Amino acid sequence: MDNDEDVRCMERLREDDDLALNDLMRRWKEPLVSFCLRSTGNLTDAQEIAQETFVKIYQARKRYRPTATFSTWLFTIANNLCRMRGRWRKRHPEILESDGNGLMEDNESSIGDPAAAVDTKDLARDLEHAIQHLPQDIRTAFVLYELHGQRYREISKIQRCSEKAVERRLARAREQLRSLLEHKWRNNSAHS
């Protein structure tokens with residue numbers, strides 16, 4: 001995604017061209033909901049947080065200065081909102097009902113070996129489940145790097161830590177995911 005185009009949209013928004021927000025939403029809604037979903041594990045929360053992120057962007061339009069890439073600013077806002085939602089959820093455990101929407105959508109493959117398609121689907125589901133069980137700071141770094149293509153520098157700004165801390169978080173995420181998935185899939189293939 002083109003940072004220059006995002007900056008131009010923010011400049012238009014600052015000049016009260018409210019249609020610029022539509023352009024930003026069109027470009028960033030899907031990646032933002034995806035990030036929030038992987039951060040919260042709940043589709044309803046993810047959609048609400050994405051909406052709230054765009055509200056915050058609109059509210060800050062007059063103060064926006066392109067000191068970092070737009071995506072860094074966007075994901076910083078979303079990350080803070082996800083963390084606030086997580087803290088709220090911990091204080092209100094009685095409302096932790098699932099919204100019934102899983103992390104992975106069912107995408108049936110009509111090509112190839114059906115058994116391989118099932119294994120791929122199972123692995124994707126297990127990976128999503130394992131990602132949800134990573135600690136928040138590690139999960140956020142992993143999702144931003146592996147799934148949203150953010151660089152260490154941007155992640156360090158979003159998470160307010162050093163680039164070395166990002167590197168350690170990514171290494172820990174990979175190690176924990178490998179351990180969780182290796183154990184499960186080794187046991188599955190032993191039973192096959």
# chains A, B, ... in the order shown; residues from 1 in each chain; ligands from 1
$ residues_around --residues "Ala165 of chain A" --least-positions-apart "6" --cutoff "10 Å" --atoms "only C-alpha atoms" --output "list of chain:residue names"
A:Ile138, A:Ala141, A:Tyr152, A:Ile155, A:Ser156, A:Gln159, A:Ala171
$ write_last_selection --atoms "N, CA and C atoms" --output "mmCIF file, in the first residue's frame"
data_model
loop_
_atom_site.group_PDB
_atom_site.id
_atom_site.type_symbol
_atom_site.label_atom_id
_atom_site.label_comp_id
_atom_site.auth_asym_id
_atom_site.auth_seq_id
_atom_site.Cartn_x
_atom_site.Cartn_y
_atom_site.Cartn_z
ATOM 1 N N ILE A 138 3.795 -10.709 22.087
ATOM 2 C CA ILE A 138 4.409 -11.614 21.115
ATOM 3 C C ILE A 138 3.470 -11.813 19.929
ATOM 4 N N ALA A 141 3.413 -8.657 17.630
ATOM 5 C CA ALA A 141 4.615 -8.569 16.798
ATOM 6 C C ALA A 141 4.554 -9.588 15.660
ATOM 7 N N TYR A 152 10.545 -4.276 11.280
ATOM 8 C CA TYR A 152 10.887 -4.172 12.703
ATOM 9 C C TYR A 152 10.717 -2.744 13.217
ATOM 10 N N ILE A 155 7.060 -1.919 13.724
ATOM 11 C CA ILE A 155 6.519 -2.690 14.852
ATOM 12 C C ILE A 155 7.025 -2.113 16.171
ATOM 13 N N SER A 156 8.301 -1.710 16.193
ATOM 14 C CA SER A 156 8.845 -1.145 17.433
ATOM 15 C C SER A 156 8.124 0.148 17.809
ATOM 16 N N GLN A 159 4.536 -0.926 19.029
ATOM 17 C CA GLN A 159 4.543 -1.563 20.346
ATOM 18 C C GLN A 159 5.342 -0.774 21.390
ATOM 19 N N ALA A 171 11.118 -14.183 17.558
ATOM 20 C CA ALA A 171 11.793 -15.469 17.792
ATOM 21 C C ALA A 171 11.002 -16.310 18.801
#
$ residues_around --residues "Trp73 of chain A" --least-positions-apart "6" --cutoff "10 Å" --atoms "only C-alpha atoms" --output "PyMOL selection string"
chain A and resi 57+64+66-67+79+154+157-158
$ residues_around --residues "Ser71 of chain A" --least-positions-apart "6" --cutoff "9 Å" --atoms "only C-alpha atoms" --output "compact mmCIF listing (two decimals) with N, CA and C atoms, in the first residue's frame"
# COMPACT_ATOMS: atom_id res chain seq x y z
N MET A 1 0.84 -1.17 0.00
CA MET A 1 0.00 0.00 0.00
C MET A 1 0.89 1.23 0.00
N ASN A 3 2.22 4.64 0.92
CA ASN A 3 2.18 5.59 2.03
C ASN A 3 1.90 7.00 1.53
N ASP A 6 -1.72 7.45 1.18
CA ASP A 6 -2.36 7.57 2.49
C ASP A 6 -2.15 8.97 3.07
N TRP A 28 -7.82 0.14 3.93
CA TRP A 28 -7.28 -0.41 5.17
C TRP A 28 -8.25 -1.24 6.00
N GLN A 150 4.78 -5.68 8.16
CA GLN A 150 5.42 -4.52 8.79
C GLN A 150 6.88 -4.84 9.10
N GLU A 154 8.76 -0.29 12.21
CA GLU A 154 7.35 0.09 12.39
C GLU A 154 6.74 -0.64 13.59
$ residues_around --residues "segment 39-41 of chain A" --least-positions-apart "6" --cutoff "12 Å" --atoms "only C-alpha atoms" --output "VMD selection string"
chain A and resid 32 to 33 47 to 50 75 78 to 90 96 to 104 128 to 144 147
$ write_last_selection --atoms "N, CA and C atoms" --output "CSV table (one decimal), in the first residue's frame"
chain,number,residue,atom,x,y,z
A,32,LEU,N,-7.0,-4.1,8.6
A,32,LEU,CA,-7.2,-3.7,10.0
A,32,LEU,C,-8.1,-4.7,10.8
A,33,VAL,N,-9.2,-5.2,10.1
A,33,VAL,CA,-10.0,-6.2,10.8
A,33,VAL,C,-9.3,-7.5,11.0
A,47,GLN,N,-14.2,-6.1,14.4
A,47,GLN,CA,-14.9,-5.1,13.5
A,47,GLN,C,-15.2,-3.8,14.3
A,48,GLU,N,-15.6,-3.9,15.5
A,48,GLU,CA,-15.9,-2.7,16.3
A,48,GLU,C,-14.6,-1.9,16.5
A,49,ILE,N,-13.5,-2.6,16.8
A,49,ILE,CA,-12.2,-1.9,17.0
A,49,ILE,C,-11.7,-1.3,15.7
A,50,ALA,N,-11.9,-1.9,14.6
A,50,ALA,CA,-11.5,-1.3,13.3
A,50,ALA,C,-12.3,0.0,13.1
A,75,PHE,N,-1.9,1.1,12.8
A,75,PHE,CA,-1.8,-0.1,13.7
A,75,PHE,C,-1.5,0.2,15.1
A,78,ALA,N,-4.9,1.0,16.5
A,78,ALA,CA,-5.7,-0.3,16.6
A,78,ALA,C,-5.1,-1.2,17.7
A,79,ASN,N,-3.8,-1.3,17.8
A,79,ASN,CA,-3.2,-2.1,18.9
A,79,ASN,C,-3.5,-1.6,20.3
A,80,ASN,N,-3.5,-0.3,20.5
A,80,ASN,CA,-3.9,0.3,21.7
A,80,ASN,C,-5.4,0.0,22.0
A,81,LEU,N,-6.3,0.1,21.0
A,81,LEU,CA,-7.7,-0.2,21.3
A,81,LEU,C,-7.9,-1.7,21.5
A,82,CYS,N,-7.1,-2.6,20.9
A,82,CYS,CA,-7.2,-4.0,21.2
A,82,CYS,C,-6.7,-4.3,22.6
A,83,ARG,N,-5.7,-3.7,23.0
A,83,ARG,CA,-5.2,-3.9,24.4
A,83,ARG,C,-6.2,-3.4,25.4
A,84,MET,N,-6.8,-2.3,25.1
A,84,MET,CA,-7.9,-1.8,26.0
A,84,MET,C,-9.1,-2.7,26.1
A,85,ARG,N,-9.5,-3.2,24.9
A,85,ARG,CA,-10.6,-4.2,24.9
A,85,ARG,C,-10.2,-5.5,25.6
A,86,GLY,N,-9.0,-5.9,25.5
A,86,GLY,CA,-8.5,-7.1,26.3
A,86,GLY,C,-8.6,-6.9,27.8
A,87,ARG,N,-8.2,-5.7,28.2
A,87,ARG,CA,-8.2,-5.4,29.7
A,87,ARG,C,-9.7,-5.4,30.1
A,88,TRP,N,-10.6,-4.8,29.3
A,88,TRP,CA,-12.0,-4.7,29.6
A,88,TRP,C,-12.6,-6.1,29.7
A,89,ARG,N,-12.2,-7.0,28.8
A,89,ARG,CA,-12.7,-8.4,28.8
A,89,ARG,C,-12.3,-9.1,30.0
A,90,LYS,N,-11.1,-8.8,30.5
A,90,LYS,CA,-10.6,-9.5,31.7
A,90,LYS,C,-11.4,-9.1,32.9
A,96,LEU,N,-17.8,-12.9,28.1
A,96,LEU,CA,-16.9,-13.5,27.2
A,96,LEU,C,-17.5,-14.5,26.2
A,97,GLU,N,-18.8,-14.4,26.1
A,97,GLU,CA,-19.5,-15.3,25.1
A,97,GLU,C,-18.9,-15.1,23.7
A,98,SER,N,-18.7,-16.3,23.1
A,98,SER,CA,-18.2,-16.2,21.7
A,98,SER,C,-19.2,-15.7,20.8
A,99,ASP,N,-18.8,-14.9,19.8
A,99,ASP,CA,-19.8,-14.4,18.8
A,99,ASP,C,-20.1,-15.4,17.7
A,100,GLY,N,-19.5,-16.6,17.9
A,100,GLY,CA,-19.8,-17.7,16.9
A,100,GLY,C,-19.1,-17.6,15.6
A,101,ASN,N,-18.2,-16.6,15.5
A,101,ASN,CA,-17.5,-16.4,14.2
A,101,ASN,C,-16.1,-16.9,14.5
A,102,GLY,N,-15.6,-17.9,13.7
A,102,GLY,CA,-14.3,-18.4,13.9
A,102,GLY,C,-13.3,-17.5,13.3
A,103,LEU,N,-12.0,-17.8,13.6
A,103,LEU,CA,-10.9,-17.0,13.0
A,103,LEU,C,-10.7,-17.3,11.6
A,104,MET,N,-10.9,-18.5,11.1
A,104,MET,CA,-10.7,-18.8,9.7
A,104,MET,C,-12.0,-19.0,9.0
A,128,GLU,N,-4.0,-20.7,13.7
A,128,GLU,CA,-4.8,-19.6,14.2
A,128,GLU,C,-5.1,-19.8,15.7
A,129,HIS,N,-5.4,-21.0,16.1
A,129,HIS,CA,-5.6,-21.3,17.5
A,129,HIS,C,-4.3,-21.1,18.3
A,130,ALA,N,-3.2,-21.6,17.8
A,130,ALA,CA,-1.9,-21.4,18.5
A,130,ALA,C,-1.6,-19.9,18.6
A,131,ILE,N,-1.8,-19.1,17.5
A,131,ILE,CA,-1.5,-17.7,17.5
A,131,ILE,C,-2.3,-17.0,18.7
A,132,GLN,N,-3.6,-17.4,18.8
A,132,GLN,CA,-4.4,-16.8,19.9
A,132,GLN,C,-3.9,-17.1,21.3
A,133,HIS,N,-3.1,-18.2,21.4
A,133,HIS,CA,-2.6,-18.5,22.7
A,133,HIS,C,-1.2,-17.9,23.0
A,134,LEU,N,-0.7,-17.2,22.1
A,134,LEU,CA,0.6,-16.4,22.4
A,134,LEU,C,0.3,-15.3,23.3
A,135,PRO,N,1.2,-14.9,24.1
A,135,PRO,CA,1.0,-13.7,24.9
A,135,PRO,C,0.8,-12.5,24.0
A,136,GLN,N,0.1,-11.5,24.4
A,136,GLN,CA,-0.4,-10.3,23.6
A,136,GLN,C,0.8,-9.7,22.9
A,137,ASP,N,1.9,-9.3,23.6
A,137,ASP,CA,3.0,-8.6,22.9
A,137,ASP,C,3.7,-9.4,21.8
A,138,ILE,N,3.8,-10.7,22.1
A,138,ILE,CA,4.4,-11.6,21.1
A,138,ILE,C,3.5,-11.8,19.9
A,139,ARG,N,2.2,-12.0,20.2
A,139,ARG,CA,1.2,-12.2,19.2
A,139,ARG,C,1.1,-11.0,18.2
A,140,THR,N,1.1,-9.8,18.8
A,140,THR,CA,1.0,-8.6,18.0
A,140,THR,C,2.2,-8.4,17.1
A,141,ALA,N,3.4,-8.7,17.6
A,141,ALA,CA,4.6,-8.6,16.8
A,141,ALA,C,4.6,-9.6,15.7
A,142,PHE,N,4.2,-10.8,16.0
A,142,PHE,CA,4.1,-11.9,15.0
A,142,PHE,C,3.1,-11.5,13.9
A,143,VAL,N,1.9,-11.1,14.3
A,143,VAL,CA,0.8,-10.8,13.3
A,143,VAL,C,1.3,-9.6,12.4
A,144,LEU,N,1.8,-8.6,13.0
A,144,LEU,CA,2.2,-7.4,12.2
A,144,LEU,C,3.3,-7.8,11.2
A,147,LEU,N,2.0,-11.4,8.9
A,147,LEU,CA,0.7,-11.3,8.2
A,147,LEU,C,0.4,-10.0,7.6
$ closest_residue --among "A:Arg27, A:Arg172, A:His183, A:Lys121" --to "Phe70 of chain A" --atoms "only C-alpha atoms"
A:Arg27
$ closest_residue --among "A:Arg151, A:Arg160, A:Arg63, A:Arg38" --to "Met10 of chain A" --atoms "only C-alpha atoms"
A:Arg63
$ atom_distance --atom1 "atom CA of Glu11 of chain A" --atom2 "atom CA of Ala46 of chain A"
26.9 Å
